[in-house]
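This is protein-v4.csv. It holds CSV, C-alpha atoms.
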```
chain,number,residue,atom,x,y,z
W,1,MET,CA,25.3,-7.4,-4.3
W,2,TYR,CA,22.0,-5.6,-4.5
W,3,CYS,CA,22.3,-5.6,-8.3
W,4,LEU,CA,22.6,-9.4,-8.1
W,5,LEU,CA,19.6,-9.8,-5.9
W,6,TYR,CA,17.6,-7.5,-8.2
W,7,SER,CA,18.6,-9.4,-11.3
W,8,MET,CA,17.5,-12.7,-9.6
W,9,THR,CA,14.1,-11.2,-8.8
W,10,MET,CA,13.6,-9.9,-12.3
W,11,ASN,CA,14.0,-13.5,-13.6
W,12,HIS,CA,10.7,-14.3,-12.0
W,13,ASP,CA,8.9,-11.5,-13.7
W,14,THR,CA,6.6,-12.5,-16.5
W,15,SER,CA,5.0,-9.1,-17.2
W,16,SER,CA,7.6,-7.0,-18.9
W,17,THR,CA,10.7,-9.1,-19.2
W,18,PHE,CA,12.3,-7.0,-21.9
W,19,SER,CA,12.1,-3.7,-20.1
W,20,CYS,CA,13.2,-5.3,-16.8
W,21,LYS,CA,16.3,-6.9,-18.5
W,22,ARG,CA,17.1,-3.5,-20.0
W,23,GLY,CA,16.9,-2.0,-16.5
W,24,THR,CA,19.1,-4.6,-15.0
W,25,LEU,CA,21.6,-4.1,-17.8
W,26,ALA,CA,21.7,-0.3,-17.2
W,27,GLN,CA,22.3,-1.0,-13.4
W,28,THR,CA,25.1,-3.4,-14.2
W,29,LEU,CA,26.8,-0.9,-16.5
W,30,TRP,CA,26.6,1.8,-13.9
W,31,LEU,CA,28.0,-0.6,-11.3
W,32,LEU,CA,30.8,-1.5,-13.6
W,33,ALA,CA,31.5,2.1,-14.4
W,34,THR,CA,31.7,2.8,-10.6
W,35,ALA,CA,34.2,-0.1,-10.1
W,36,LEU,CA,36.3,0.9,-13.2
W,37,THR,CA,36.5,4.6,-12.3
W,38,THR,CA,37.3,3.8,-8.7
W,39,ALA,CA,40.1,1.4,-9.8
W,40,GLY,CA,41.3,3.9,-12.4
W,41,GLY,CA,41.3,6.8,-10.0
W,42,LEU,CA,43.2,4.8,-7.4
W,43,LEU,CA,45.7,3.7,-10.0
W,44,LEU,CA,46.2,7.2,-11.4
W,45,LEU,CA,46.8,8.7,-8.0
W,46,ALA,CA,49.1,5.9,-6.9
W,47,LEU,CA,51.1,6.2,-10.1
W,48,LEU,CA,51.5,9.9,-9.8
W,49,LYS,CA,52.6,9.6,-6.2
W,50,PHE,CA,55.0,6.7,-7.1
W,51,ARG,CA,56.7,8.9,-9.8
W,52,GLY,CA,57.1,11.6,-7.2
W,53,TYR,CA,54.4,13.9,-8.5
W,54,HIS,CA,52.0,15.3,-6.0
W,55,PRO,CA,48.6,15.2,-7.8
W,56,GLY,CA,47.1,18.6,-8.1
W,57,LEU,CA,43.6,19.6,-6.9
W,58,PRO,CA,41.9,19.1,-10.3
W,59,TRP,CA,43.2,15.5,-10.6
W,60,ARG,CA,42.2,14.7,-7.0
W,61,ILE,CA,38.7,16.1,-7.6
W,62,LEU,CA,38.4,14.1,-10.8
W,63,ALA,CA,39.5,10.9,-9.2
W,64,VAL,CA,36.9,11.3,-6.5
W,65,ALA,CA,34.0,12.8,-8.5
W,66,LEU,CA,33.9,10.2,-11.3
W,67,PRO,CA,33.3,7.1,-9.1
W,68,LEU,CA,31.0,9.1,-6.8
W,69,GLY,CA,28.9,10.3,-9.8
W,70,CYS,CA,28.7,6.7,-11.2
W,71,GLY,CA,27.8,5.4,-7.8
W,72,VAL,CA,25.0,7.9,-7.3
W,73,ALA,CA,23.7,7.2,-10.9
W,74,TYR,CA,23.6,3.5,-10.0
W,75,ILE,CA,21.6,4.1,-6.9
W,76,PHE,CA,19.1,6.3,-8.8
W,77,ARG,CA,18.8,3.7,-11.6
W,78,LEU,CA,18.2,0.9,-9.0
W,79,ILE,CA,15.5,2.9,-7.2
W,80,ARG,CA,13.8,3.7,-10.6
W,81,ASP,CA,13.9,0.1,-11.7
W,82,MET,CA,12.5,-1.1,-8.3
W,83,ALA,CA,9.3,0.7,-9.2
W,84,ARG,CA,8.8,-2.1,-11.8
W,85,LEU,CA,8.7,-4.8,-9.2
W,86,ASP,CA,5.3,-6.2,-8.2
W,87,GLU,CA,4.0,-6.0,-4.7
W,88,LEU,CA,5.3,-9.4,-3.5
W,89,GLN,CA,8.8,-8.8,-4.9
W,90,LEU,CA,8.8,-5.3,-3.3
W,91,ARG,CA,7.9,-7.0,0.0
W,92,ILE,CA,10.7,-9.5,-0.3
W,93,HIS,CA,13.2,-6.7,-1.0
W,94,LEU,CA,11.8,-4.7,1.9
W,95,GLU,CA,12.3,-7.7,4.3
W,96,ALA,CA,15.8,-8.2,3.0
W,97,ALA,CA,16.7,-4.5,3.5
W,98,ALA,CA,15.1,-4.5,7.0
W,99,THR,CA,17.0,-7.6,8.0
W,100,ALA,CA,20.3,-6.1,6.8
W,101,SER,CA,19.8,-2.6,8.3
W,102,LEU,CA,18.5,-3.9,11.7
W,103,GLY,CA,21.2,-6.5,11.8
W,104,VAL,CA,23.9,-3.9,11.3
W,105,PHE,CA,22.3,-1.7,13.9
W,106,MET,CA,22.2,-4.5,16.4
W,107,ALA,CA,25.8,-5.4,15.7
W,108,SER,CA,26.9,-1.8,16.1
W,109,ILE,CA,25.3,-1.8,19.6
W,110,LEU,CA,26.7,-5.2,20.6
W,111,TYR,CA,30.2,-4.8,19.2
W,112,PRO,CA,31.7,-2.9,22.2
W,113,ILE,CA,30.5,-5.7,24.5
W,114,PHE,CA,32.3,-8.2,22.3
W,115,GLN,CA,35.4,-6.0,22.4
W,116,PHE,CA,35.4,-5.6,26.2
W,117,ALA,CA,34.9,-9.4,26.6
W,118,GLY,CA,37.9,-10.0,24.4
W,119,PHE,CA,36.0,-11.7,21.6
W,120,ALA,CA,36.6,-9.1,18.9
W,121,GLY,CA,39.4,-6.7,17.9
W,122,PRO,CA,39.2,-3.2,16.6
W,123,LEU,CA,36.4,-2.6,14.2
W,124,GLN,CA,37.4,-2.7,10.5
W,125,PRO,CA,35.2,-0.9,7.9
W,126,PHE,CA,35.0,-4.1,5.7
W,127,TYR,CA,33.4,-6.0,8.7
W,128,VAL,CA,30.4,-3.7,8.2
W,129,THR,CA,30.4,-4.3,4.4
W,130,PHE,CA,30.5,-8.1,4.8
W,131,LEU,CA,27.9,-8.1,7.5
W,132,LEU,CA,25.6,-5.9,5.4
W,133,ALA,CA,26.0,-8.1,2.3
W,134,GLY,CA,25.6,-11.3,4.3
W,135,LEU,CA,22.4,-10.2,6.1
W,136,LEU,CA,21.0,-8.8,2.8
W,137,LEU,CA,21.5,-12.2,1.2
W,138,PHE,CA,20.1,-14.0,4.2
W,139,GLY,CA,17.0,-11.7,4.4
W,140,TYR,CA,16.4,-12.1,0.6
W,141,PHE,CA,16.6,-15.9,0.5
W,142,ASN,CA,14.6,-16.2,3.8
W,143,ALA,CA,11.8,-14.1,2.5
W,144,ASN,CA,11.9,-15.6,-1.0
W,145,ARG,CA,11.7,-19.2,0.5
W,146,ARG,CA,8.7,-18.2,2.7
W,147,TYR,CA,6.7,-16.9,-0.3
W,148,ARG,CA,7.7,-19.7,-2.7
X,1,MET,CA,-7.3,-16.0,3.9
X,2,ARG,CA,-8.5,-18.8,1.8
X,3,ASN,CA,-9.3,-18.3,-1.9
X,4,THR,CA,-10.8,-20.1,-4.9
X,5,LEU,CA,-8.1,-18.9,-7.4
X,6,ARG,CA,-6.9,-22.4,-8.3
X,7,VAL,CA,-10.4,-23.5,-9.2
X,8,LEU,CA,-11.2,-20.4,-11.2
X,9,ARG,CA,-7.9,-20.7,-13.0
X,10,ALA,CA,-8.5,-24.4,-13.8
X,11,GLU,CA,-12.0,-23.6,-15.1
X,12,ARG,CA,-10.4,-21.3,-17.7
X,13,ASN,CA,-7.5,-23.7,-18.3
X,14,TRP,CA,-4.9,-20.9,-17.5
X,15,SER,CA,-1.5,-21.7,-16.0
X,16,GLN,CA,-0.1,-19.6,-13.2
X,17,ALA,CA,2.1,-17.9,-15.8
X,18,ASP,CA,-0.9,-17.0,-17.9
X,19,LEU,CA,-2.7,-15.4,-15.0
X,20,ALA,CA,0.5,-13.6,-14.0
X,21,THR,CA,0.8,-12.1,-17.5
X,22,ARG,CA,-2.9,-11.0,-17.5
X,23,LEU,CA,-2.5,-9.4,-14.1
X,24,GLY,CA,0.9,-7.8,-14.8
X,25,VAL,CA,2.6,-9.5,-11.8
X,26,SER,CA,5.2,-12.3,-11.4
X,27,ARG,CA,4.3,-16.0,-11.4
X,28,GLN,CA,5.7,-16.1,-7.9
X,29,THR,CA,3.1,-13.6,-6.7
X,30,VAL,CA,0.2,-15.7,-8.3
X,31,ASN,CA,1.6,-18.8,-6.6
X,32,ALA,CA,1.9,-17.1,-3.2
X,33,VAL,CA,-1.6,-15.7,-3.4
X,34,GLU,CA,-3.0,-19.0,-4.6
X,35,THR,CA,-1.4,-21.1,-1.8
X,36,GLY,CA,-2.5,-18.5,0.8
X,37,LYS,CA,1.1,-17.5,1.7
X,38,TYR,CA,0.5,-13.9,0.7
X,39,ASP,CA,-2.6,-11.8,1.0
X,40,PRO,CA,-2.9,-9.5,-2.0
X,41,SER,CA,-3.3,-5.7,-1.9
X,42,LEU,CA,-6.7,-4.3,-2.7
X,43,PRO,CA,-5.7,-3.2,-6.2
X,44,LEU,CA,-4.5,-6.7,-7.0
X,45,ALA,CA,-7.6,-8.3,-5.4
X,46,PHE,CA,-9.8,-6.0,-7.6
X,47,GLY,CA,-7.7,-6.9,-10.6
X,48,LEU,CA,-8.4,-10.6,-9.9
X,49,ALA,CA,-12.1,-10.0,-9.4
X,50,HIS,CA,-12.3,-8.1,-12.6
X,51,LEU,CA,-10.4,-10.7,-14.5
X,52,PHE,CA,-12.6,-13.6,-13.3
X,53,GLY,CA,-15.9,-11.5,-13.5
X,54,LYS,CA,-16.6,-12.0,-9.8
X,55,ARG,CA,-16.8,-10.0,-6.6
X,56,ILE,CA,-13.8,-10.0,-4.3
X,57,GLU,CA,-15.7,-11.9,-1.5
X,58,GLU,CA,-16.5,-14.6,-4.0
X,59,ILE,CA,-12.8,-15.2,-4.6
X,60,PHE,CA,-11.4,-14.6,-1.1
X,61,LEU,CA,-12.9,-16.2,2.0
X,62,PRO,CA,-11.9,-15.4,5.6
X,63,GLU,CA,-10.3,-18.1,7.7
X,64,VAL,CA,-12.6,-19.8,10.2
X,65,GLY,CA,-11.7,-18.3,13.6
X,66,PRO,CA,-12.0,-15.2,15.8
X,67,ALA,CA,-11.1,-12.9,12.9
X,68,SER,CA,-14.2,-14.1,11.0
X,69,SER,CA,-16.6,-13.2,13.9
X,70,LEU,CA,-16.5,-9.5,13.2
X,71,PRO,CA,-19.8,-7.7,13.2
X,72,ASP,CA,-21.6,-7.3,9.9
```
Rewrite the structure from the file as structure tokens, please.
Amino acid sequence: MYCLLYSMTMNHDTSSTFSCKRGTLAQTLWLLATALTTAGGLLLLALLKFRGYHPGLPWRILAVALPLGCGVAYIFRLIRDMARLDELQLRIHLEAAATASLGVFMASILYPIFQFAGFAGPLQPFYVTFLLAGLLLFGYFNANRRYR
Amino acid sequence: MRNTLRVLRAERNWSQADLATRLGVSRQTVNAVETGKYDPSLPLAFGLAHLFGKRIEEIFLPEVGPASSLPD
């Protein structure tokens, strides 16, 4: 999600298009690697369990460490590439991040009230992911529209 | 904050993209500054002043109102 927003921002850049595109490509590759290693790790562990083998500690560590490493590399790459954004683009990203984080914070406070009132069931982890992604998109487009 | 960027740019026959390239920022930033939607940072304001060979206060003018009645 953030990679997508970042790529959209870099399309506006006129100063160093080549380096920015290279940065975006590296981010996409790390994100892809994270997704592939997560899927691969899950598949491997599921296959081993399905065949009746209990995966040993080295296999389990490998299945966890690979996607985790790729994910951390992606975050570092994203932060490094963000230094190339100009001041207005940084402001737009900051407003989007603030909207998303404050929105999730508010939702976490208000959710128990909704539960007690009978409007919401038990909290699922993917609710938070969807809310975070949705608010990030909303904050980005809202700020982008304001400075257009 | 008002500014004379559009006039200065037109005098030199530069597009917003030209100015953005010279300043090392995005065209969106030039447009937002020019239309008064975004007030630039001091480094960017100095960059603009240097590029047009003018002082910052010749490019950026305060809005008429209580904020402009600050003591000299």
query: Could you pull the residues within 8 Å of Pro55 in chain W, counting all atoms listed in the file, minus those fewer than 6 positions along the same chain, as a ChimeraX atom specification?
result: /W:45,48-49
Closest of W:Leu90, W:Leu132, W:Leu32, W:Leu78 to Met106 in chain W, counting all atoms listed in the file, is W:Leu132
Computed gap from CA of Arg148 in chain W to CA of Ala32 in chain X is 6.4 Å
Quick one: residues within 6 Å of Thr34 in chain W, only C-alpha atoms, excluding same-chain residues fewer than 5 positions away - as a ChimeraX atom specification?
/W:67,70-71
Do you know which residues are at most 10 Å from Pro40 in chain X counting only C-alpha atoms, after dropping those on the same chain fewer than 5 positions away, and could you put them as a ChimeraX atom specification?
/W:87-88 /X:1,29-30,32-34,45-46,48,60
List the spatial neighbours of Val64 in chain W as a list in words - criterion: any atom at most 12 Å away, only C-alpha atoms, same-chain residues fewer than 2 positions off excluded. Thr34, Thr37, Thr38, Ala39, Gly40, Gly41, Leu42, Leu44, Leu45, Leu57, Pro58, Trp59, Arg60, Ile61, Leu62, Leu66, Pro67, Leu68, Gly69, Cys70 and Gly71 of chain W
* Of the candidates W:Ala73, W:Ala143, W:Leu36, W:Ala107, which shows the shortest atom-to-atom distance to chain X, using all atoms listed in the file? ->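 When distances to chain X are compared using all atoms listed in the file, the smallest one comes from W:Ala143.
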Around (22.6, -14.9, 4.1), as given in the file, which residues come within 12 Å? Count all atoms listed in the file and list them as a JSON list (two decimals) with C-alpha atoms, keeping the file's coordinate frame.
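Contents of selection.json, as written:
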```
[["chain", "number", "residue", "atom", "x", "y", "z"],
["W", 1, "MET", "CA", 25.30, -7.40, -4.30],
["W", 5, "LEU", "CA", 19.60, -9.80, -5.90],
["W", 96, "ALA", "CA", 15.80, -8.20, 3.00],
["W", 97, "ALA", "CA", 16.70, -4.50, 3.50],
["W", 99, "THR", "CA", 17.00, -7.60, 8.00],
["W", 100, "ALA", "CA", 20.30, -6.10, 6.80],
["W", 103, "GLY", "CA", 21.20, -6.50, 11.80],
["W", 130, "PHE", "CA", 30.50, -8.10, 4.80],
["W", 131, "LEU", "CA", 27.90, -8.10, 7.50],
["W", 132, "LEU", "CA", 25.60, -5.90, 5.40],
["W", 133, "ALA", "CA", 26.00, -8.10, 2.30],
["W", 134, "GLY", "CA", 25.60, -11.30, 4.30],
["W", 135, "LEU", "CA", 22.40, -10.20, 6.10],
["W", 136, "LEU", "CA", 21.00, -8.80, 2.80],
["W", 137, "LEU", "CA", 21.50, -12.20, 1.20],
["W", 138, "PHE", "CA", 20.10, -14.00, 4.20],
["W", 139, "GLY", "CA", 17.00, -11.70, 4.40],
["W", 140, "TYR", "CA", 16.40, -12.10, 0.60],
["W", 141, "PHE", "CA", 16.60, -15.90, 0.50],
["W", 142, "ASN", "CA", 14.60, -16.20, 3.80],
["W", 143, "ALA", "CA", 11.80, -14.10, 2.50],
["W", 144, "ASN", "CA", 11.90, -15.60, -1.00]]
```
For CA of Leu110 in chain W and CA of Phe126 in chain W, determine how far apart the two atoms are, in Å to one decimal place.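 So the two atoms, CA of Leu110 in chain W and CA of Phe126 in chain W, lie 17.1 Å apart.
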With distances taken over all atoms listed in the file, the candidate from W:Gln115, W:Gln89, W:Gln27, W:Ser108 nearest chain X is W:Gln89
